$ cat protein30.txt   # compact mmCIF, C-alpha atoms and all ligand atoms
# COMPACT_ATOMS: atom_id res chain seq x y z
CA MET A 1 -9.99 23.03 18.32
CA THR A 2 -7.34 21.58 16.01
CA HIS A 3 -7.03 17.85 15.96
CA ARG A 4 -4.31 15.45 14.92
CA ALA A 5 -4.86 11.90 13.66
CA VAL A 6 -2.90 9.39 15.74
CA ILE A 7 -2.49 5.69 14.87
CA ARG A 8 -4.08 3.71 17.70
CA GLY A 9 -3.78 0.23 16.23
CA THR A 10 -2.63 -1.81 13.24
CA GLY A 11 -3.63 -5.18 11.84
CA HIS A 12 -3.06 -7.27 8.75
CA TYR A 13 -4.15 -10.40 6.99
CA LEU A 14 -2.27 -12.49 4.43
CA PRO A 15 -3.92 -15.38 2.57
CA GLU A 16 -2.70 -18.85 3.57
CA ARG A 17 -1.40 -19.82 0.15
CA VAL A 18 2.30 -18.89 -0.20
CA ILE A 19 3.81 -18.93 -3.68
CA GLU A 20 7.61 -19.17 -3.85
CA ASN A 21 9.44 -17.76 -6.90
CA ALA A 22 10.27 -21.29 -8.08
CA TRP A 23 6.52 -21.89 -8.66
CA PHE A 24 6.75 -19.75 -11.83
CA GLU A 25 9.78 -21.56 -13.29
CA ASP A 26 7.88 -24.29 -15.14
CA LYS A 27 5.10 -21.92 -16.26
CA ILE A 28 7.00 -19.03 -17.86
CA ASP A 29 10.57 -18.25 -18.91
CA THR A 30 11.85 -16.93 -15.57
CA SER A 31 13.92 -17.96 -12.58
CA ASP A 32 14.02 -17.49 -8.84
CA GLU A 33 17.43 -15.88 -9.37
CA TRP A 34 16.09 -13.25 -11.84
CA ILE A 35 13.12 -12.36 -9.65
CA ARG A 36 15.26 -12.00 -6.50
CA ALA A 37 18.00 -10.02 -8.22
CA ARG A 38 15.70 -7.60 -10.10
CA THR A 39 12.95 -7.14 -7.49
CA GLY A 40 13.98 -8.50 -4.08
CA ILE A 41 10.80 -10.63 -4.11
CA GLU A 42 11.14 -14.20 -2.79
CA ARG A 43 7.52 -15.17 -2.25
CA ARG A 44 3.99 -13.73 -2.20
CA HIS A 45 0.57 -14.79 -0.94
CA PHE A 46 -2.32 -15.53 -3.27
CA ALA A 47 -5.96 -15.46 -2.21
CA ALA A 48 -7.73 -18.81 -2.23
CA GLU A 49 -10.39 -19.56 -4.82
CA GLY A 50 -13.39 -17.49 -3.81
CA GLU A 51 -11.45 -15.42 -1.26
CA THR A 52 -12.20 -11.75 -1.89
CA THR A 53 -10.74 -8.35 -1.14
CA SER A 54 -13.52 -7.51 1.33
CA GLN A 55 -13.02 -10.76 3.25
CA MET A 56 -9.33 -9.98 3.68
CA ALA A 57 -10.09 -6.35 4.55
CA ILE A 58 -12.53 -7.42 7.27
CA LYS A 59 -9.92 -9.72 8.86
CA ALA A 60 -7.27 -6.97 8.83
CA ALA A 61 -9.80 -4.47 10.23
CA GLU A 62 -10.85 -6.78 13.07
CA ARG A 63 -7.21 -7.22 14.06
CA ALA A 64 -6.52 -3.46 13.93
CA LEU A 65 -9.59 -2.72 16.10
CA GLN A 66 -8.52 -5.37 18.58
CA ASN A 67 -4.97 -4.02 18.62
CA ALA A 68 -6.30 -0.49 19.21
CA GLY A 69 -8.72 -1.64 21.90
CA ILE A 70 -11.45 0.29 20.08
CA PRO A 71 -14.75 -1.43 19.28
CA ALA A 72 -16.37 -1.07 15.85
CA GLU A 73 -19.25 0.88 17.48
CA GLN A 74 -16.82 3.77 18.02
CA ILE A 75 -15.65 4.00 14.40
CA ASP A 76 -17.12 6.95 12.48
CA ALA A 77 -15.76 6.27 9.00
CA ILE A 78 -14.15 3.51 6.95
CA ILE A 79 -11.93 4.18 3.94
CA VAL A 80 -10.68 1.26 1.86
CA ALA A 81 -7.93 1.79 -0.70
CA THR A 82 -8.31 -0.81 -3.43
CA SER A 83 -8.27 -1.32 -7.19
CA THR A 84 -9.53 -4.90 -6.93
CA PRO A 85 -13.02 -4.60 -5.41
CA ASP A 86 -15.24 -7.68 -5.04
CA LEU A 87 -17.82 -6.01 -7.30
CA THR A 88 -17.86 -2.82 -9.36
CA PHE A 89 -20.17 -1.54 -6.62
CA PRO A 90 -21.03 -1.31 -3.77
CA SER A 91 -17.69 -0.27 -2.30
CA VAL A 92 -15.49 -2.70 -0.41
CA ALA A 93 -15.67 -0.21 2.48
CA THR A 94 -19.43 -0.72 2.87
CA MET A 95 -18.85 -4.49 2.80
CA VAL A 96 -16.33 -4.06 5.62
CA GLN A 97 -18.84 -1.91 7.49
CA ALA A 98 -21.44 -4.67 7.25
CA GLY A 99 -18.85 -7.32 8.12
CA LEU A 100 -18.02 -5.45 11.30
CA GLY A 101 -21.71 -5.27 12.20
CA MET A 102 -21.84 -1.48 11.87
CA LYS A 103 -25.00 0.35 10.83
CA HIS A 104 -23.71 3.83 11.63
CA GLY A 105 -21.05 6.09 10.13
CA PHE A 106 -20.00 6.22 6.48
CA ALA A 107 -17.73 4.18 4.23
CA PHE A 108 -16.15 4.63 0.82
CA ASP A 109 -13.33 3.35 -1.38
CA VAL A 110 -10.34 5.28 -2.70
CA GLN A 111 -8.86 4.18 -6.00
CA ALA A 112 -5.33 5.43 -6.57
CA VAL A 113 -3.86 2.01 -7.32
CA CYS A 114 -0.53 1.44 -5.51
CA ALA A 115 -0.66 4.98 -4.07
CA GLY A 116 -4.16 4.27 -2.70
CA PHE A 117 -3.23 3.89 0.95
CA VAL A 118 -1.30 7.16 0.98
CA PHE A 119 -4.29 8.92 -0.62
CA ALA A 120 -6.69 7.26 1.86
CA LEU A 121 -4.52 8.25 4.82
CA ALA A 122 -4.43 11.88 3.67
CA ASN A 123 -8.23 11.87 3.25
CA ALA A 124 -8.75 10.31 6.68
CA ASP A 125 -6.51 12.98 8.17
CA GLY A 126 -8.69 15.62 6.48
CA LEU A 127 -11.86 14.09 7.99
CA ILE A 128 -10.30 14.11 11.44
CA ARG A 129 -8.81 17.61 11.23
CA SER A 130 -12.12 19.06 10.00
CA GLY A 131 -14.03 17.39 12.84
CA GLN A 132 -16.16 15.20 10.56
CA ALA A 133 -14.89 12.01 12.17
CA GLU A 134 -13.16 11.15 15.41
CA ARG A 135 -12.10 7.60 14.63
CA VAL A 136 -11.40 6.34 11.14
CA LEU A 137 -10.52 2.85 9.96
CA VAL A 138 -8.14 3.08 7.00
CA ILE A 139 -7.55 -0.12 5.05
CA GLY A 140 -5.53 -1.16 2.02
CA ALA A 141 -6.72 -4.47 0.54
CA GLU A 142 -6.02 -6.11 -2.81
CA THR A 143 -6.31 -9.32 -4.79
CA PHE A 144 -3.96 -8.40 -7.64
CA SER A 145 -3.50 -12.09 -8.45
CA LYS A 146 -6.90 -11.80 -10.17
CA LEU A 147 -5.58 -9.11 -12.55
CA MET A 148 -2.56 -11.05 -13.80
CA ASP A 149 -1.84 -12.15 -17.34
CA TRP A 150 -0.09 -15.42 -16.42
CA GLU A 151 1.84 -15.39 -19.70
CA ASP A 152 3.38 -11.96 -19.10
CA ARG A 153 6.60 -12.63 -17.19
CA GLY A 154 7.18 -8.88 -16.81
CA THR A 155 4.23 -8.57 -14.40
CA CYS A 156 2.87 -11.88 -13.09
CA VAL A 157 5.88 -12.57 -10.85
CA LEU A 158 5.62 -9.20 -9.11
CA PHE A 159 2.26 -9.02 -7.38
CA GLY A 160 0.61 -10.59 -4.34
CA ASP A 161 -2.57 -10.39 -2.27
CA GLY A 162 -3.24 -9.17 1.25
CA ALA A 163 -4.74 -6.50 3.47
CA GLY A 164 -3.54 -4.09 6.13
CA ALA A 165 -5.50 -1.75 8.36
CA ILE A 166 -4.95 1.05 10.84
CA VAL A 167 -7.22 2.82 13.31
CA LEU A 168 -6.80 6.60 13.43
CA GLU A 169 -8.11 8.61 16.35
CA ALA A 170 -8.39 12.35 16.85
CA VAL A 171 -6.30 13.82 19.64
CA GLN A 172 -5.91 17.44 20.62
CA ALA A 173 -3.02 18.78 18.55
CA GLY A 174 0.25 17.67 20.07
CA GLU A 175 3.49 16.11 18.94
CA ARG A 176 2.09 12.80 17.67
CA GLY A 177 -0.01 11.92 14.64
CA ILE A 178 -0.11 12.70 10.94
CA LEU A 179 2.00 15.80 10.34
CA ALA A 180 1.84 16.37 6.58
CA HIS A 181 1.10 14.86 3.19
CA ASP A 182 1.91 15.47 -0.44
CA LEU A 183 -0.34 14.01 -3.16
CA ASN A 184 0.22 14.09 -6.93
CA SER A 185 -1.28 12.69 -10.14
CA ASP A 186 -0.50 13.04 -13.83
CA GLY A 187 -3.06 11.29 -16.03
CA SER A 188 -0.97 11.80 -19.17
CA TYR A 189 1.08 8.78 -18.01
CA ARG A 190 -1.88 6.38 -18.10
CA ASP A 191 -0.27 3.94 -20.57
CA ILE A 192 2.67 3.18 -18.27
CA LEU A 193 0.52 1.12 -15.89
CA TYR A 194 -3.12 0.29 -16.53
CA VAL A 195 -5.68 -2.51 -16.75
CA ASP A 196 -6.93 -3.26 -20.27
CA GLY A 197 -10.57 -3.71 -19.36
CA GLY A 198 -13.41 -2.10 -17.46
CA VAL A 199 -17.15 -1.58 -17.13
CA ALA A 200 -17.49 1.15 -19.76
CA THR A 201 -15.04 -0.29 -22.29
CA THR A 202 -14.70 -4.05 -22.55
CA GLY A 203 -17.26 -5.04 -19.94
CA THR A 204 -14.59 -7.26 -18.37
CA SER A 205 -12.23 -6.60 -15.49
CA GLY A 206 -9.16 -6.84 -17.77
CA LYS A 207 -5.50 -7.66 -17.14
CA LEU A 208 -2.69 -5.53 -15.77
CA ARG A 209 -0.30 -3.98 -18.32
CA MET A 210 2.93 -2.27 -17.31
CA GLN A 211 5.98 -0.69 -18.91
CA GLY A 212 8.16 -1.78 -16.00
CA ASN A 213 11.41 -0.06 -16.82
CA VAL A 214 9.69 3.27 -17.70
CA LEU A 215 7.78 3.15 -14.42
CA PHE A 216 10.98 2.29 -12.56
CA ARG A 217 12.56 5.58 -13.64
CA HIS A 218 9.47 7.61 -12.68
CA ALA A 219 9.35 5.85 -9.31
CA VAL A 220 12.92 6.56 -8.32
CA GLU A 221 12.61 10.25 -9.22
CA LYS A 222 9.07 11.00 -8.02
CA LEU A 223 9.12 9.07 -4.73
CA ALA A 224 12.15 10.87 -3.32
CA GLU A 225 10.70 14.23 -4.47
CA THR A 226 7.27 13.69 -2.88
CA ALA A 227 8.82 12.38 0.33
CA HIS A 228 11.06 15.44 0.46
CA ARG A 229 8.10 17.80 -0.03
CA ALA A 230 6.04 16.08 2.69
CA ILE A 231 8.98 16.22 5.12
CA GLU A 232 9.38 19.94 4.38
CA LYS A 233 5.64 20.59 4.88
CA ALA A 234 5.96 18.88 8.28
CA GLY A 235 8.67 21.40 9.17
CA LEU A 236 11.25 18.63 9.41
CA SER A 237 14.38 17.65 7.50
CA ALA A 238 15.68 14.31 6.24
CA GLY A 239 17.82 13.93 9.36
CA ASP A 240 14.65 13.85 11.52
CA VAL A 241 13.28 10.73 9.79
CA ASP A 242 13.46 7.56 11.91
CA TRP A 243 11.72 5.16 9.51
CA LEU A 244 10.83 4.95 5.85
CA VAL A 245 7.86 2.65 5.23
CA PRO A 246 7.77 2.62 1.42
CA HIS A 247 5.42 1.02 -1.05
CA GLN A 248 6.88 -2.46 -1.55
CA ALA A 249 7.13 -2.79 -5.34
CA ASN A 250 10.80 -3.44 -5.89
CA ALA A 251 13.76 -3.54 -3.45
CA ARG A 252 15.90 -1.68 -6.00
CA ILE A 253 13.41 1.21 -6.19
CA ILE A 254 13.26 1.31 -2.40
CA ALA A 255 17.08 1.36 -2.08
CA ALA A 256 17.42 4.10 -4.70
CA THR A 257 14.74 6.20 -2.99
CA ALA A 258 16.36 5.76 0.42
CA GLN A 259 19.69 6.78 -1.06
CA ARG A 260 18.17 9.95 -2.56
CA MET A 261 16.65 10.69 0.86
CA HIS A 262 20.07 10.13 2.50
CA LEU A 263 18.59 7.37 4.66
CA PRO A 264 20.57 4.22 5.54
CA MET A 265 18.77 0.94 4.76
CA GLU A 266 18.64 0.18 8.52
CA LYS A 267 15.90 2.82 8.70
CA VAL A 268 13.79 1.23 5.96
CA VAL A 269 10.99 -1.26 6.64
CA LEU A 270 11.24 -4.02 4.01
CA THR A 271 8.54 -6.63 3.44
CA VAL A 272 8.80 -6.96 -0.34
CA ALA A 273 10.69 -10.29 -0.06
CA ASP A 274 7.75 -11.98 1.67
CA HIS A 275 4.73 -10.10 0.26
CA GLY A 276 5.67 -9.04 -3.27
CA ASN A 277 3.82 -5.97 -4.53
CA THR A 278 0.38 -5.90 -2.90
CA SER A 279 -0.49 -2.48 -4.37
CA ALA A 280 -2.58 -0.40 -1.91
CA ALA A 281 -2.13 -3.05 0.79
CA SER A 282 1.64 -2.89 0.85
CA ILE A 283 2.16 0.08 3.19
CA PRO A 284 -0.43 -0.89 5.84
CA LEU A 285 0.90 -4.47 5.68
CA ALA A 286 4.45 -3.21 6.24
CA LEU A 287 3.32 -0.86 9.03
CA SER A 288 1.44 -3.66 10.78
CA VAL A 289 4.24 -6.23 10.45
CA ALA A 290 6.80 -3.71 11.73
CA ALA A 291 4.53 -2.55 14.57
CA ASP A 292 4.01 -6.18 15.65
CA ALA A 293 7.79 -6.63 15.70
CA GLY A 294 8.12 -3.62 18.01
CA THR A 295 10.07 -1.66 15.41
CA PHE A 296 8.60 1.78 16.17
CA ALA A 297 9.05 3.76 19.40
CA GLU A 298 6.61 6.48 20.46
CA GLY A 299 7.69 9.75 18.90
CA ASP A 300 9.46 8.18 15.90
CA VAL A 301 9.06 10.10 12.64
CA ILE A 302 7.78 7.78 9.90
CA VAL A 303 7.60 8.59 6.19
CA THR A 304 5.45 6.51 3.84
CA GLU A 305 5.53 6.93 0.07
CA ALA A 306 4.03 5.19 -2.97
CA ILE A 307 3.52 5.46 -6.72
CA GLY A 308 1.09 3.60 -8.94
CA GLY A 309 -1.16 3.67 -11.96
CA GLY A 310 -2.43 7.06 -13.04
CA LEU A 311 0.28 7.88 -12.49
CA SER A 312 -0.53 8.85 -8.91
CA TRP A 313 2.04 9.24 -6.17
CA GLY A 314 2.46 10.76 -2.76
CA ALA A 315 3.88 10.65 0.76
CA VAL A 316 2.66 11.00 4.34
CA VAL A 317 4.78 12.01 7.32
CA LEU A 318 3.63 11.05 10.81
CA ARG A 319 4.93 10.87 14.33
CA TRP A 320 4.24 7.44 15.90
O1 LIG B 1 3.41 -0.81 -7.78
C1 LIG B 1 3.40 0.10 -8.84
C2 LIG B 1 4.75 0.48 -9.08
N1 LIG B 1 5.42 -0.58 -9.79
C3 LIG B 1 6.70 -0.45 -9.99
O2 LIG B 1 7.24 0.50 -9.51
C4 LIG B 1 7.40 -1.45 -10.84
C5 LIG B 1 8.53 -0.76 -11.53
N2 LIG B 1 9.35 -1.60 -12.36
C6 LIG B 1 10.10 -2.62 -11.91
O3 LIG B 1 10.09 -2.98 -10.76
C7 LIG B 1 11.08 -3.25 -12.89
O4 LIG B 1 11.11 -2.47 -14.06
C8 LIG B 1 10.75 -4.71 -13.26
C9 LIG B 1 11.03 -5.62 -12.06
C10 LIG B 1 9.30 -4.82 -13.68
C11 LIG B 1 11.64 -5.18 -14.41
O5 LIG B 1 13.01 -5.01 -14.07
P1 LIG B 1 14.00 -4.25 -15.07
O6 LIG B 1 15.31 -4.34 -14.46
O7 LIG B 1 13.43 -2.88 -15.32
O8 LIG B 1 13.95 -5.16 -16.34
P2 LIG B 1 13.46 -4.81 -17.83
O9 LIG B 1 11.99 -4.61 -17.87
O10 LIG B 1 14.31 -3.72 -18.39
O11 LIG B 1 13.81 -6.15 -18.56
C12 LIG B 1 15.14 -6.65 -18.62
C13 LIG B 1 15.09 -8.03 -19.22
C14 LIG B 1 14.26 -8.09 -20.50
O12 LIG B 1 14.88 -9.00 -21.39
P3 LIG B 1 15.75 -8.46 -22.62
O13 LIG B 1 14.80 -7.61 -23.43
O14 LIG B 1 16.85 -7.66 -21.98
O15 LIG B 1 16.17 -9.71 -23.28
C15 LIG B 1 12.96 -8.69 -20.03
O16 LIG B 1 12.27 -9.36 -21.06
O17 LIG B 1 14.49 -8.95 -18.31
C16 LIG B 1 13.45 -9.67 -18.98
N3 LIG B 1 12.43 -10.05 -18.03
C17 LIG B 1 12.48 -11.21 -17.34
N4 LIG B 1 13.37 -12.21 -17.33
C18 LIG B 1 13.13 -13.24 -16.50
C19 LIG B 1 11.31 -9.38 -17.65
N5 LIG B 1 10.63 -10.08 -16.75
C20 LIG B 1 11.33 -11.22 -16.52
C21 LIG B 1 11.13 -12.33 -15.68
N6 LIG B 1 12.07 -13.30 -15.70
N7 LIG B 1 10.07 -12.44 -14.86

$ encode --input "protein30.txt" --output "structure tokens" --more "lines below"
Ligand code: UT7
Amino acid sequence: MTHRAVIRGTGHYLPERVIENAWFEDKIDTSDEWIRARTGIERRHFAAEGETTSQMAIKAAERALQNAGIPAEQIDAIIVATSTPDLTFPSVATMVQAGLGMKHGFAFDVQAVCAGFVFALANADGLIRSGQAERVLVIGAETFSKLMDWEDRGTCVLFGDGAGAIVLEAVQAGERGILAHDLNSDGSYRDILYVDGGVATTGTSGKLRMQGNVLFRHAVEKLAETAHRAIEKAGLSAGDVDWLVPHQANARIIAATAQRMHLPMEKVVLTVADHGNTSAASIPLALSVAADAGTFAEGDVIVTEAIGGGLSWGAVVLRW
């Protein structure tokens, strides 16, 4: 029997501490005006001292399970997309498993940086379609504030912390659920966005380094292309898309991508102003915030897309 993966519930968690753009003005040479105009970001949340990725992931997961009306006992697998794990190992996903009181099933992390949630979603869909799991918790959770070089104005104003989660459940193939995905990587672009430390090199966790304007050009081109391919694989066309839920890195990238997809901005879910770039957490955060606001109607076609370090990029098309 063929199965489809349907979203049964969403949930998110944002740390209490909100940092407005003006906070940076007496620390580095920047301004609220520059940040808003170039990125669309107005504020972001930063984890508290000692607050970790797994703690945020657990809170988002609990909310998603509650929203779905599905208890943790019924979850078969947990996938966490993150590049900011609490520890090098074990995975954040196994920490979430323990936090939810589960002793059954399996759990693992996916590391595709900002594209992580899209990669995790595609993998969860594969587990469900192949019958290996019936219900999968898919989470994006990050504490990018811990990777910042606070003297680099080109990066430290961009990122924030948070977590978003969804519960996927297998249903007999029908109209709803994940319809198609398109995943891509090209490791020859590693110097465009990377962290300058790691276990096998410096023995430290390092700081984020980014060639922002080079990445900007890749993003605008590659995001529209991958979204287009995923829509085609789903047997749909751009006109069928009800909502774009993009990775929230920069409002200008999002607008340019929407334009290339011939989508009006009214069909785009935007959370970048309030969250900043939360890497792998940005899409599940946006999905959860929009779902809470009643944005999506059953049957709506939703496209998600993201690009991040690697470079890795991709898109998922689903029917709500
Ligand atoms: O999540 C993974 C995906 N990430 C992305 O997709 C990020 C992609 N890149 C971007 O979003 C944009 O490239 C940035 C927001 C990072 C930068 O915007 P930009 O329009 O590409 O600016 P730029 O890097 O070309 O820099 C323009 C100017 C430079 O000054 P000069 O050389 O023209 O004098 C920068 O030094 O803006 C300067 N600048 C700043 N000024 C004030 C860079 N950062 C800042 C800042 N405040 N925070």

$ closest_atom_pairs --input "protein30.txt" --of "range 2-87 of chain A" --to "range 297-318 of chain A" --cutoff "12 Å" --atoms "only C-alpha atoms" --output "JSON lines"
{"residue": "A:Arg4", "atom": "CA", "partner": "A:Leu318", "partner_atom": "CA", "distance": 10.0}
{"residue": "A:Ala5", "atom": "CA", "partner": "A:Leu318", "partner_atom": "CA", "distance": 9.0}
{"residue": "A:Val6", "atom": "CA", "partner": "A:Leu318", "partner_atom": "CA", "distance": 8.3}
{"residue": "A:Ile7", "atom": "CA", "partner": "A:Leu318", "partner_atom": "CA", "distance": 9.1}
{"residue": "A:Arg8", "atom": "CA", "partner": "A:Glu298", "partner_atom": "CA", "distance": 11.4}
{"residue": "A:Thr82", "atom": "CA", "partner": "A:Gly308", "partner_atom": "CA", "distance": 11.8}
{"residue": "A:Ser83", "atom": "CA", "partner": "A:Gly309", "partner_atom": "CA", "distance": 9.9}

$ residues_near_ligand --input "protein30.txt" --ligand "ligand LIG 1 (chain B)" --cutoff "8 Å" --atoms "all atoms listed in the file" --output "number ranges by chain"
A: 28-31, 34-35, 38-39, 113-115, 152-158, 193, 210-217, 219, 247-250, 252-253, 277-279, 306-309

$ residues_around --input "protein30.txt" --residues "Leu87 in chain A" --least-positions-apart "5" --cutoff "10 Å" --atoms "all atoms listed in the file" --output "MDAnalysis selection string"
chainID A and resid 52:54 92 205

$ closest_residue --input "protein30.txt" --among "A:Ile231, A:Asp274, A:Ala224, A:Ala286" --to "Val245 in chain A" --atoms "all atoms listed in the file"
A:Ala286

$ atom_distance --input "protein30.txt" --atom1 "CA of His262 in chain A" --atom2 "CA of Gly239 in chain A"
8.2 Å

$ closest_residue --input "protein30.txt" --among "A:Val171, A:Ala281, A:Ala180, A:Ile79" --to "Leu137 in chain A" --atoms "all atoms listed in the file"
A:Ile79

$ axis_aligned_box --input "protein30.txt" --around "range 41-47 of chain A" --padding-each-side "4 Å" --output "AutoDock Vina command-line options"
--center_x 2.6 --center_y -13.1 --center_z -2.5 --size_x 25.1 --size_y 12.9 --size_z 11.2

$ closest_residue --input "protein30.txt" --among "A:Asp32, A:Glu25, A:Asp76, A:Glu232" --to "Phe106 in chain A" --atoms "all atoms listed in the file"
A:Asp76
